>>> print(open('upload_31.txt').read())   # compact mmCIF, N, CA and C atoms
# COMPACT_ATOMS: atom_id res chain seq x y z
N MET A 1 -11.96 1.47 -15.57
CA MET A 1 -12.03 0.68 -14.37
C MET A 1 -10.88 1.07 -13.45
N LYS A 2 -11.19 1.31 -12.19
CA LYS A 2 -10.18 1.65 -11.21
C LYS A 2 -9.30 0.44 -10.94
N PRO A 3 -7.98 0.62 -10.92
CA PRO A 3 -7.09 -0.51 -10.62
C PRO A 3 -7.38 -1.08 -9.24
N LYS A 4 -7.08 -2.34 -9.08
CA LYS A 4 -7.18 -2.99 -7.78
C LYS A 4 -5.88 -2.70 -7.03
N LEU A 5 -5.95 -2.70 -5.71
CA LEU A 5 -4.77 -2.46 -4.89
C LEU A 5 -4.55 -3.66 -3.98
N ILE A 6 -3.34 -4.20 -4.04
CA ILE A 6 -2.96 -5.29 -3.15
C ILE A 6 -1.87 -4.78 -2.22
N LEU A 7 -2.14 -4.83 -0.92
CA LEU A 7 -1.15 -4.49 0.07
C LEU A 7 -0.43 -5.78 0.45
N MET A 8 0.90 -5.79 0.37
CA MET A 8 1.69 -6.98 0.69
C MET A 8 2.73 -6.65 1.74
N SER A 9 2.88 -7.56 2.72
CA SER A 9 3.84 -7.28 3.77
C SER A 9 4.34 -8.55 4.44
N HIS A 10 5.42 -8.37 5.16
CA HIS A 10 5.88 -9.36 6.12
C HIS A 10 4.91 -9.27 7.31
N GLY A 11 4.52 -10.39 7.86
CA GLY A 11 3.61 -10.36 9.00
C GLY A 11 2.25 -9.80 8.62
N HIS A 12 1.58 -9.23 9.59
CA HIS A 12 0.20 -8.77 9.38
C HIS A 12 0.09 -7.27 9.13
N LEU A 13 1.20 -6.63 8.76
CA LEU A 13 1.17 -5.19 8.51
C LEU A 13 0.15 -4.82 7.45
N ALA A 14 0.13 -5.53 6.33
CA ALA A 14 -0.81 -5.21 5.24
C ALA A 14 -2.26 -5.33 5.70
N LEU A 15 -2.57 -6.40 6.40
CA LEU A 15 -3.93 -6.61 6.89
C LEU A 15 -4.33 -5.51 7.86
N GLU A 16 -3.46 -5.18 8.78
CA GLU A 16 -3.78 -4.15 9.77
C GLU A 16 -3.85 -2.76 9.15
N LEU A 17 -3.02 -2.47 8.15
CA LEU A 17 -3.14 -1.19 7.44
C LEU A 17 -4.48 -1.10 6.73
N SER A 18 -4.90 -2.20 6.13
CA SER A 18 -6.20 -2.23 5.47
C SER A 18 -7.32 -1.98 6.48
N ARG A 19 -7.25 -2.64 7.61
CA ARG A 19 -8.27 -2.45 8.66
C ARG A 19 -8.27 -1.02 9.17
N SER A 20 -7.09 -0.45 9.37
CA SER A 20 -6.99 0.93 9.85
C SER A 20 -7.56 1.90 8.83
N ALA A 21 -7.22 1.71 7.56
CA ALA A 21 -7.75 2.59 6.51
C ALA A 21 -9.27 2.52 6.48
N GLN A 22 -9.81 1.32 6.57
CA GLN A 22 -11.26 1.16 6.50
C GLN A 22 -11.95 1.67 7.77
N MET A 23 -11.23 1.68 8.89
CA MET A 23 -11.77 2.28 10.11
C MET A 23 -11.94 3.79 9.91
N ILE A 24 -11.01 4.39 9.17
CA ILE A 24 -11.03 5.83 8.95
C ILE A 24 -12.02 6.22 7.86
N ILE A 25 -12.06 5.48 6.74
CA ILE A 25 -12.85 5.92 5.59
C ILE A 25 -13.99 4.99 5.21
N GLY A 26 -14.12 3.87 5.89
CA GLY A 26 -15.18 2.92 5.57
C GLY A 26 -14.70 1.85 4.60
N GLU A 27 -15.62 0.98 4.24
CA GLU A 27 -15.28 -0.14 3.36
C GLU A 27 -14.69 0.35 2.05
N THR A 28 -13.66 -0.33 1.61
CA THR A 28 -12.96 0.05 0.39
C THR A 28 -13.02 -1.09 -0.61
N LYS A 29 -13.68 -0.86 -1.71
CA LYS A 29 -13.74 -1.88 -2.76
C LYS A 29 -12.43 -1.89 -3.54
N GLY A 30 -12.03 -3.07 -3.96
CA GLY A 30 -10.83 -3.19 -4.77
C GLY A 30 -9.54 -3.29 -3.99
N LEU A 31 -9.63 -3.38 -2.65
CA LEU A 31 -8.46 -3.44 -1.79
C LEU A 31 -8.30 -4.87 -1.27
N TYR A 32 -7.11 -5.43 -1.47
CA TYR A 32 -6.80 -6.80 -1.07
C TYR A 32 -5.52 -6.79 -0.26
N THR A 33 -5.30 -7.86 0.51
CA THR A 33 -4.06 -7.96 1.28
C THR A 33 -3.43 -9.34 1.10
N VAL A 34 -2.11 -9.35 1.19
CA VAL A 34 -1.33 -10.59 1.24
C VAL A 34 -0.35 -10.42 2.39
N SER A 35 -0.52 -11.24 3.41
CA SER A 35 0.34 -11.20 4.58
C SER A 35 1.25 -12.42 4.58
N MET A 36 2.54 -12.19 4.52
CA MET A 36 3.51 -13.28 4.50
C MET A 36 3.87 -13.68 5.92
N ARG A 37 3.66 -14.94 6.23
CA ARG A 37 4.12 -15.48 7.51
C ARG A 37 5.54 -16.00 7.34
N GLU A 38 6.24 -16.13 8.42
CA GLU A 38 7.62 -16.61 8.37
C GLU A 38 7.70 -17.99 7.71
N SER A 39 6.72 -18.82 7.95
CA SER A 39 6.73 -20.18 7.39
C SER A 39 6.35 -20.22 5.91
N ASP A 40 5.84 -19.12 5.35
CA ASP A 40 5.42 -19.10 3.94
C ASP A 40 6.59 -19.19 2.97
N GLY A 41 7.64 -18.46 3.27
CA GLY A 41 8.76 -18.40 2.34
C GLY A 41 8.31 -17.86 0.99
N LEU A 42 9.16 -18.03 0.00
CA LEU A 42 8.89 -17.54 -1.34
C LEU A 42 7.69 -18.23 -1.96
N GLU A 43 7.67 -19.54 -1.92
CA GLU A 43 6.59 -20.30 -2.57
C GLU A 43 5.23 -20.04 -1.94
N GLY A 44 5.17 -20.00 -0.62
CA GLY A 44 3.90 -19.73 0.05
C GLY A 44 3.37 -18.34 -0.25
N THR A 45 4.29 -17.38 -0.31
CA THR A 45 3.89 -16.01 -0.62
C THR A 45 3.41 -15.90 -2.07
N GLN A 46 4.10 -16.61 -2.96
CA GLN A 46 3.64 -16.65 -4.37
C GLN A 46 2.24 -17.24 -4.46
N SER A 47 1.99 -18.31 -3.73
CA SER A 47 0.66 -18.93 -3.75
C SER A 47 -0.42 -17.97 -3.26
N LYS A 48 -0.12 -17.24 -2.21
CA LYS A 48 -1.08 -16.27 -1.68
C LYS A 48 -1.36 -15.16 -2.69
N LEU A 49 -0.31 -14.62 -3.30
CA LEU A 49 -0.51 -13.57 -4.30
C LEU A 49 -1.26 -14.11 -5.51
N ASN A 50 -0.90 -15.29 -5.97
CA ASN A 50 -1.59 -15.89 -7.13
C ASN A 50 -3.07 -16.09 -6.85
N ALA A 51 -3.42 -16.48 -5.63
CA ALA A 51 -4.84 -16.67 -5.28
C ALA A 51 -5.60 -15.34 -5.36
N VAL A 52 -4.97 -14.27 -4.89
CA VAL A 52 -5.62 -12.94 -4.96
C VAL A 52 -5.74 -12.50 -6.42
N LEU A 53 -4.68 -12.68 -7.18
CA LEU A 53 -4.71 -12.28 -8.60
C LEU A 53 -5.76 -13.08 -9.37
N GLU A 54 -5.93 -14.34 -9.03
CA GLU A 54 -6.95 -15.15 -9.68
C GLU A 54 -8.35 -14.64 -9.33
N GLU A 55 -8.54 -14.25 -8.08
CA GLU A 55 -9.83 -13.68 -7.65
C GLU A 55 -10.11 -12.37 -8.40
N ILE A 56 -9.09 -11.56 -8.59
CA ILE A 56 -9.24 -10.27 -9.28
C ILE A 56 -9.55 -10.49 -10.76
N GLY A 57 -8.92 -11.47 -11.36
CA GLY A 57 -9.11 -11.73 -12.78
C GLY A 57 -7.92 -11.24 -13.59
N PRO A 58 -7.74 -11.81 -14.79
CA PRO A 58 -6.51 -11.57 -15.56
C PRO A 58 -6.41 -10.20 -16.23
N ASP A 59 -7.50 -9.53 -16.44
CA ASP A 59 -7.45 -8.29 -17.23
C ASP A 59 -7.46 -7.02 -16.39
N ALA A 60 -7.74 -7.13 -15.11
CA ALA A 60 -7.83 -5.94 -14.27
C ALA A 60 -6.45 -5.35 -14.02
N PRO A 61 -6.32 -4.03 -14.10
CA PRO A 61 -5.06 -3.41 -13.72
C PRO A 61 -4.88 -3.52 -12.21
N VAL A 62 -3.63 -3.79 -11.79
CA VAL A 62 -3.34 -4.04 -10.38
C VAL A 62 -2.11 -3.26 -9.95
N LEU A 63 -2.20 -2.65 -8.79
CA LEU A 63 -1.07 -2.01 -8.16
C LEU A 63 -0.79 -2.75 -6.87
N VAL A 64 0.43 -3.24 -6.71
CA VAL A 64 0.84 -3.89 -5.48
C VAL A 64 1.68 -2.90 -4.69
N CYS A 65 1.31 -2.66 -3.45
CA CYS A 65 2.12 -1.85 -2.55
C CYS A 65 2.75 -2.79 -1.54
N ALA A 66 4.05 -2.96 -1.62
CA ALA A 66 4.79 -3.85 -0.74
C ALA A 66 5.47 -3.04 0.35
N ASP A 67 5.74 -3.71 1.46
CA ASP A 67 6.30 -2.99 2.60
C ASP A 67 7.76 -2.61 2.44
N LEU A 68 8.57 -3.43 1.77
CA LEU A 68 10.01 -3.23 1.80
C LEU A 68 10.64 -3.60 0.46
N LEU A 69 11.39 -2.70 -0.11
CA LEU A 69 12.11 -2.97 -1.35
C LEU A 69 13.06 -4.15 -1.15
N SER A 70 13.01 -5.10 -2.06
CA SER A 70 13.85 -6.29 -2.07
C SER A 70 13.48 -7.34 -1.03
N GLY A 71 12.41 -7.11 -0.28
CA GLY A 71 11.91 -8.13 0.63
C GLY A 71 11.13 -9.17 -0.17
N THR A 72 10.84 -10.29 0.43
CA THR A 72 10.14 -11.37 -0.26
C THR A 72 8.79 -10.91 -0.85
N PRO A 73 7.93 -10.19 -0.11
CA PRO A 73 6.68 -9.75 -0.73
C PRO A 73 6.91 -8.91 -1.99
N CYS A 74 7.86 -8.02 -1.95
CA CYS A 74 8.18 -7.19 -3.12
C CYS A 74 8.71 -8.06 -4.26
N ASN A 75 9.63 -8.94 -3.94
CA ASN A 75 10.21 -9.80 -4.97
C ASN A 75 9.17 -10.68 -5.64
N VAL A 76 8.24 -11.21 -4.86
CA VAL A 76 7.15 -12.03 -5.41
C VAL A 76 6.28 -11.18 -6.34
N ALA A 77 5.99 -9.95 -5.94
CA ALA A 77 5.17 -9.07 -6.78
C ALA A 77 5.91 -8.72 -8.07
N VAL A 78 7.20 -8.48 -7.99
CA VAL A 78 7.98 -8.18 -9.19
C VAL A 78 7.95 -9.37 -10.15
N GLN A 79 8.06 -10.57 -9.63
CA GLN A 79 7.97 -11.76 -10.49
C GLN A 79 6.61 -11.82 -11.19
N ALA A 80 5.55 -11.43 -10.49
CA ALA A 80 4.21 -11.45 -11.07
C ALA A 80 4.07 -10.45 -12.21
N MET A 81 4.88 -9.40 -12.20
CA MET A 81 4.84 -8.40 -13.27
C MET A 81 5.16 -9.03 -14.63
N TYR A 82 5.96 -10.08 -14.63
CA TYR A 82 6.32 -10.73 -15.89
C TYR A 82 5.15 -11.50 -16.50
N GLN A 83 4.18 -11.90 -15.68
CA GLN A 83 3.00 -12.59 -16.18
C GLN A 83 1.83 -11.63 -16.43
N ARG A 84 1.86 -10.47 -15.81
CA ARG A 84 0.75 -9.52 -15.92
C ARG A 84 1.29 -8.15 -16.32
N PRO A 85 1.17 -7.79 -17.58
CA PRO A 85 1.71 -6.50 -18.03
C PRO A 85 0.99 -5.30 -17.41
N ASN A 86 -0.18 -5.51 -16.82
CA ASN A 86 -0.93 -4.41 -16.21
C ASN A 86 -0.78 -4.39 -14.69
N LEU A 87 0.32 -4.97 -14.18
CA LEU A 87 0.60 -4.99 -12.74
C LEU A 87 1.81 -4.10 -12.48
N ARG A 88 1.71 -3.24 -11.49
CA ARG A 88 2.79 -2.36 -11.08
C ARG A 88 3.12 -2.64 -9.62
N VAL A 89 4.36 -2.36 -9.21
CA VAL A 89 4.79 -2.58 -7.84
C VAL A 89 5.37 -1.30 -7.27
N LEU A 90 4.93 -0.96 -6.09
CA LEU A 90 5.37 0.22 -5.37
C LEU A 90 5.78 -0.24 -3.97
N THR A 91 6.88 0.27 -3.44
CA THR A 91 7.29 -0.12 -2.10
C THR A 91 7.14 1.03 -1.12
N GLY A 92 7.32 0.73 0.16
CA GLY A 92 7.19 1.76 1.19
C GLY A 92 5.77 1.91 1.68
N LEU A 93 5.04 0.83 1.64
CA LEU A 93 3.63 0.81 2.04
C LEU A 93 3.39 1.59 3.33
N ASN A 94 2.38 2.47 3.31
CA ASN A 94 1.98 3.16 4.54
C ASN A 94 0.49 3.46 4.52
N LEU A 95 -0.03 3.87 5.66
CA LEU A 95 -1.47 4.08 5.83
C LEU A 95 -2.00 5.18 4.90
N ALA A 96 -1.24 6.23 4.71
CA ALA A 96 -1.70 7.32 3.84
C ALA A 96 -1.95 6.83 2.42
N MET A 97 -1.11 5.91 1.94
CA MET A 97 -1.28 5.37 0.59
C MET A 97 -2.58 4.59 0.48
N ALA A 98 -2.90 3.79 1.48
CA ALA A 98 -4.13 3.00 1.47
C ALA A 98 -5.36 3.90 1.51
N ILE A 99 -5.30 4.94 2.32
CA ILE A 99 -6.43 5.88 2.41
C ILE A 99 -6.61 6.62 1.09
N GLU A 100 -5.54 7.12 0.53
CA GLU A 100 -5.64 7.86 -0.73
C GLU A 100 -6.11 6.98 -1.87
N TYR A 101 -5.73 5.72 -1.86
CA TYR A 101 -6.26 4.80 -2.86
C TYR A 101 -7.79 4.78 -2.78
N ALA A 102 -8.29 4.66 -1.58
CA ALA A 102 -9.74 4.53 -1.37
C ALA A 102 -10.52 5.74 -1.88
N VAL A 103 -9.95 6.92 -1.74
CA VAL A 103 -10.68 8.12 -2.13
C VAL A 103 -10.32 8.61 -3.53
N SER A 104 -9.33 7.99 -4.15
CA SER A 104 -8.91 8.39 -5.48
C SER A 104 -9.88 7.88 -6.55
N ASP A 105 -10.02 8.65 -7.61
CA ASP A 105 -10.82 8.19 -8.74
C ASP A 105 -9.95 7.94 -9.97
N LEU A 106 -8.63 7.84 -9.77
CA LEU A 106 -7.72 7.58 -10.89
C LEU A 106 -7.96 6.18 -11.44
N GLU A 107 -8.05 6.09 -12.76
CA GLU A 107 -8.31 4.80 -13.40
C GLU A 107 -7.10 4.23 -14.13
N ASP A 108 -6.08 5.02 -14.34
CA ASP A 108 -4.87 4.55 -15.01
C ASP A 108 -3.89 4.05 -13.94
N VAL A 109 -3.44 2.81 -14.08
CA VAL A 109 -2.59 2.20 -13.06
C VAL A 109 -1.26 2.94 -12.91
N ASP A 110 -0.71 3.48 -13.98
CA ASP A 110 0.54 4.23 -13.88
C ASP A 110 0.34 5.56 -13.16
N GLU A 111 -0.75 6.25 -13.46
CA GLU A 111 -1.05 7.50 -12.76
C GLU A 111 -1.30 7.24 -11.28
N LEU A 112 -2.01 6.16 -10.98
CA LEU A 112 -2.27 5.81 -9.58
C LEU A 112 -0.97 5.49 -8.86
N ALA A 113 -0.08 4.74 -9.50
CA ALA A 113 1.21 4.41 -8.89
C ALA A 113 2.01 5.66 -8.61
N ASP A 114 2.06 6.58 -9.57
CA ASP A 114 2.79 7.83 -9.38
C ASP A 114 2.19 8.65 -8.23
N TYR A 115 0.86 8.71 -8.20
CA TYR A 115 0.17 9.48 -7.17
C TYR A 115 0.43 8.90 -5.78
N LEU A 116 0.30 7.58 -5.63
CA LEU A 116 0.50 6.97 -4.32
C LEU A 116 1.97 7.04 -3.89
N GLN A 117 2.89 7.01 -4.84
CA GLN A 117 4.29 7.20 -4.50
C GLN A 117 4.50 8.59 -3.90
N GLU A 118 3.92 9.58 -4.54
CA GLU A 118 4.04 10.95 -4.04
C GLU A 118 3.39 11.08 -2.66
N VAL A 119 2.23 10.49 -2.47
CA VAL A 119 1.55 10.52 -1.18
C VAL A 119 2.43 9.91 -0.10
N GLY A 120 3.01 8.75 -0.40
CA GLY A 120 3.87 8.09 0.57
C GLY A 120 5.09 8.92 0.93
N GLN A 121 5.71 9.51 -0.08
CA GLN A 121 6.92 10.29 0.17
C GLN A 121 6.64 11.58 0.92
N THR A 122 5.59 12.28 0.56
CA THR A 122 5.31 13.57 1.21
C THR A 122 4.71 13.39 2.59
N GLY A 123 4.23 12.18 2.90
CA GLY A 123 3.65 11.92 4.21
C GLY A 123 4.69 11.68 5.30
N VAL A 124 5.95 11.52 4.91
CA VAL A 124 6.99 11.29 5.90
C VAL A 124 7.57 12.65 6.30
N ARG A 125 7.35 13.01 7.54
CA ARG A 125 7.79 14.33 8.03
C ARG A 125 8.30 14.20 9.45
N LEU A 126 9.26 15.02 9.79
CA LEU A 126 9.69 15.17 11.17
C LEU A 126 8.83 16.27 11.77
N VAL A 127 8.13 15.96 12.83
CA VAL A 127 7.26 16.93 13.48
C VAL A 127 8.05 17.61 14.59
N GLU A 128 8.18 18.90 14.44
CA GLU A 128 8.92 19.70 15.42
C GLU A 128 7.97 20.15 16.52
N ARG A 129 8.52 20.32 17.70
CA ARG A 129 7.72 20.84 18.81
C ARG A 129 7.38 22.30 18.52
N PRO A 130 6.11 22.66 18.58
CA PRO A 130 5.73 24.06 18.34
C PRO A 130 6.32 24.98 19.41
N GLN A 131 6.71 26.16 18.99
CA GLN A 131 7.23 27.16 19.92
C GLN A 131 6.11 28.10 20.31
N ALA A 132 6.01 28.36 21.58
CA ALA A 132 4.98 29.27 22.08
C ALA A 132 5.40 30.72 21.88
N SER A 133 4.41 31.51 21.56
CA SER A 133 4.66 32.95 21.49
C SER A 133 4.64 33.51 22.90
N GLU A 134 5.24 34.66 23.09
CA GLU A 134 5.27 35.27 24.41
C GLU A 134 3.84 35.48 24.92
N GLY A 135 3.60 35.07 26.12
CA GLY A 135 2.29 35.25 26.73
C GLY A 135 1.37 34.03 26.57
N GLU A 136 1.73 33.07 25.72
CA GLU A 136 0.92 31.86 25.56
C GLU A 136 1.24 30.88 26.67
N GLU A 137 0.23 30.17 27.11
CA GLU A 137 0.42 29.16 28.14
C GLU A 137 0.51 27.78 27.48
N GLY A 138 1.07 26.87 28.21
CA GLY A 138 1.08 25.48 27.74
C GLY A 138 2.40 25.02 27.19
N TYR A 139 3.34 25.91 26.97
CA TYR A 139 4.63 25.51 26.43
C TYR A 139 5.73 26.04 27.35
N GLU A 140 6.70 25.22 27.58
CA GLU A 140 7.84 25.67 28.38
C GLU A 140 9.10 25.46 27.55
N ASP A 141 10.05 26.34 27.70
CA ASP A 141 11.35 26.19 27.02
C ASP A 141 12.30 25.41 27.88
>>> encode(input="upload_31.txt", output="structure tokens")
Amino acid sequence: MKPKLILMSHGHLALELSRSAQMIIGETKGLYTVSMRESDGLEGTQSKLNAVLEEIGPDAPVLVCADLLSGTPCNVAVQAMYQRPNLRVLTGLNLAMAIEYAVSDLEDVDELADYLQEVGQTGVRLVERPQASEGEEGYED
């Protein structure tokens, strides 16, 4: 069984990343979001995550991708790891990770976590301005 993916963030980042990923690749099964509002605090965020985990069921492997290491969404997910031995937490949530989850066929939660970590890290690049060759139009020095 493919692990479920929960995107967690401050504000609506997780929800909008999910929407963007699905705009690009279509509906994605197994993808959930938890969006922390300022008024939620720790307890409200825990309640939101617990509701999603209850919907998923106790035996399904779960990977949580949180937006920020040591932020409340991440901390709540780490606390959930103590109740669910098949739950993993990854930080640095980005669109490439959500898209790759959707197209991946990895069924082991640890392999999926490693893969999405690599996707997230290699997707961060500084894009340099291309240099024109002599005689090409469109670029000025």
>>> residues_around(input="upload_31.txt", residues="Glu107 in chain A", least_positions_apart="6", cutoff="10 Å", atoms="only C-alpha atoms", output="PyMOL selection string")
chain A and resi 1-4+61
>>> select_by_dssp(input="upload_31.txt", residues="range 11-126 of chain A", states="strand (DSSP E)", output="list of chain:residue names")
A:Leu31, A:Tyr32, A:Thr33, A:Val34, A:Ser35, A:Met36, A:Val62, A:Leu63, A:Val64, A:Cys65, A:Ala66, A:Leu87, A:Arg88, A:Val89, A:Leu90, A:Thr91
>>> atom_distance(input="upload_31.txt", atom1="CA of Asn50 in chain A", atom2="CA of Val34 in chain A")
9.9 Å
>>> residues_around(input="upload_31.txt", residues="Asn94 in chain A", least_positions_apart="5", cutoff="8 Å", atoms="all atoms listed in the file", output="PyMOL selection string")
chain A and resi 17-18+65-67+99+120
>>> write_last_selection(input="upload_31.txt", atoms="N, CA and C atoms", output="compact mmCIF listing (two decimals), in the frame of the given file")
# COMPACT_ATOMS: atom_id res chain seq x y z
N LEU A 17 -3.02 -2.47 8.15
CA LEU A 17 -3.14 -1.19 7.44
C LEU A 17 -4.48 -1.10 6.73
N SER A 18 -4.90 -2.20 6.13
CA SER A 18 -6.20 -2.23 5.47
C SER A 18 -7.32 -1.98 6.48
N CYS A 65 1.31 -2.66 -3.45
CA CYS A 65 2.12 -1.85 -2.55
C CYS A 65 2.75 -2.79 -1.54
N ALA A 66 4.05 -2.96 -1.62
CA ALA A 66 4.79 -3.85 -0.74
C ALA A 66 5.47 -3.04 0.35
N ASP A 67 5.74 -3.71 1.46
CA ASP A 67 6.30 -2.99 2.60
C ASP A 67 7.76 -2.61 2.44
N ILE A 99 -5.30 4.94 2.32
CA ILE A 99 -6.43 5.88 2.41
C ILE A 99 -6.61 6.62 1.09
N GLY A 120 3.01 8.75 -0.40
CA GLY A 120 3.87 8.09 0.57
C GLY A 120 5.09 8.92 0.93
>>> axis_aligned_box(input="upload_31.txt", around="range 40-43 of chain A", padding_each_side="8 Å", output="AutoDock Vina command-line options")
--center_x 7.2 --center_y -18.9 --center_z 1.4 --size_x 19.9 --size_y 18.8 --size_z 23.9
>>> closest_residue(input="upload_31.txt", among="A:Leu116, A:Leu63, A:Ala102, A:Ala77", to="Ile25 in chain A", atoms="only N, CA and C atoms")
A:Ala102
>>> residues_around(input="upload_31.txt", residues="range 37-41 of chain A", least_positions_apart="5", cutoff="6 Å", atoms="all atoms listed in the file", output="PyMOL selection string")
chain A and resi 10-11+46
>>> closest_residue(input="upload_31.txt", among="A:Val124, A:Leu87, A:Leu53, A:Val62", to="Leu5 in chain A", atoms="all atoms listed in the file")
A:Val62
>>> select_by_dssp(input="upload_31.txt", residues="range 20-140 of chain A", states="alpha helix (DSSP H)", output="number ranges by chain")
A: 20-25, 41-56, 72-81, 95-103, 109-122
>>> residues_near_point(input="upload_31.txt", point="(-12.6, 1.1, 2.8)", cutoff="12 Å", atoms="only C-alpha atoms", output="PyMOL selection string")
chain A and resi 5+17-32+95+98-104
>>> residues_near_point(input="upload_31.txt", point="(4.0, -8.8, -0.4)", cutoff="8 Å", atoms="only N, CA and C atoms", output="MDAnalysis selection string")
chainID A and resid 6:10 33:36 45 49 64:68 71:77
>>> atom_distance(input="upload_31.txt", atom1="atom C of Gln117 in chain A", atom2="atom N of Gln79 in chain A")
20.3 Å
>>> closest_residue(input="upload_31.txt", among="A:Leu13, A:Ala96, A:Val89, A:Leu126", to="Asp110 in chain A", atoms="only C-alpha atoms")
A:Val89
>>> atom_distance(input="upload_31.txt", atom1="atom C of Thr91 in chain A", atom2="atom N of Val78 in chain A")
11.7 Å
>>> closest_residue(input="upload_31.txt", among="A:Gly92, A:Pro130, A:Gly44, A:Gly123", to="Leu69 in chain A", atoms="only C-alpha atoms")
A:Gly92
>>> decode(input="upload_31.txt", residues="range 54-78 of chain A", atoms="C-alpha atoms", output="mmCIF file, in the first residue's frame")
data_model
loop_
_atom_site.group_PDB
_atom_site.id
_atom_site.type_symbol
_atom_site.label_atom_id
_atom_site.label_comp_id
_atom_site.auth_asym_id
_atom_site.auth_seq_id
_atom_site.Cartn_x
_atom_site.Cartn_y
_atom_site.Cartn_z
ATOM 1 C CA GLU A 54 -8.350 9.187 12.019
ATOM 2 C CA GLU A 55 -9.731 9.471 8.479
ATOM 3 C CA ILE A 56 -6.643 7.678 7.123
ATOM 4 C CA GLY A 57 -6.865 4.896 9.700
ATOM 5 C CA PRO A 58 -4.394 3.534 12.258
ATOM 6 C CA ASP A 59 -2.455 1.069 10.127
ATOM 7 C CA ALA A 60 -1.675 3.092 7.009
ATOM 8 C CA PRO A 61 1.890 4.321 6.597
ATOM 9 C CA VAL A 62 1.976 8.134 6.616
ATOM 10 C CA LEU A 63 4.523 10.706 5.558
ATOM 11 C CA VAL A 64 4.015 14.246 6.834
ATOM 12 C CA CYS A 65 5.731 17.020 4.900
ATOM 13 C CA ALA A 66 5.838 20.130 7.071
ATOM 14 C CA ASP A 67 6.819 23.577 5.930
ATOM 15 C CA LEU A 68 9.387 24.517 8.562
ATOM 16 C CA LEU A 69 11.660 22.599 10.920
ATOM 17 C CA SER A 70 10.712 23.307 14.552
ATOM 18 C CA GLY A 71 7.558 25.187 13.589
ATOM 19 C CA THR A 72 4.264 24.213 15.208
ATOM 20 C CA PRO A 73 3.071 22.013 12.285
ATOM 21 C CA CYS A 74 6.360 20.092 12.371
ATOM 22 C CA ASN A 75 6.339 19.799 16.148
ATOM 23 C CA VAL A 76 2.760 18.487 16.133
ATOM 24 C CA ALA A 77 3.703 15.895 13.501
ATOM 25 C CA VAL A 78 6.750 14.816 15.517
#
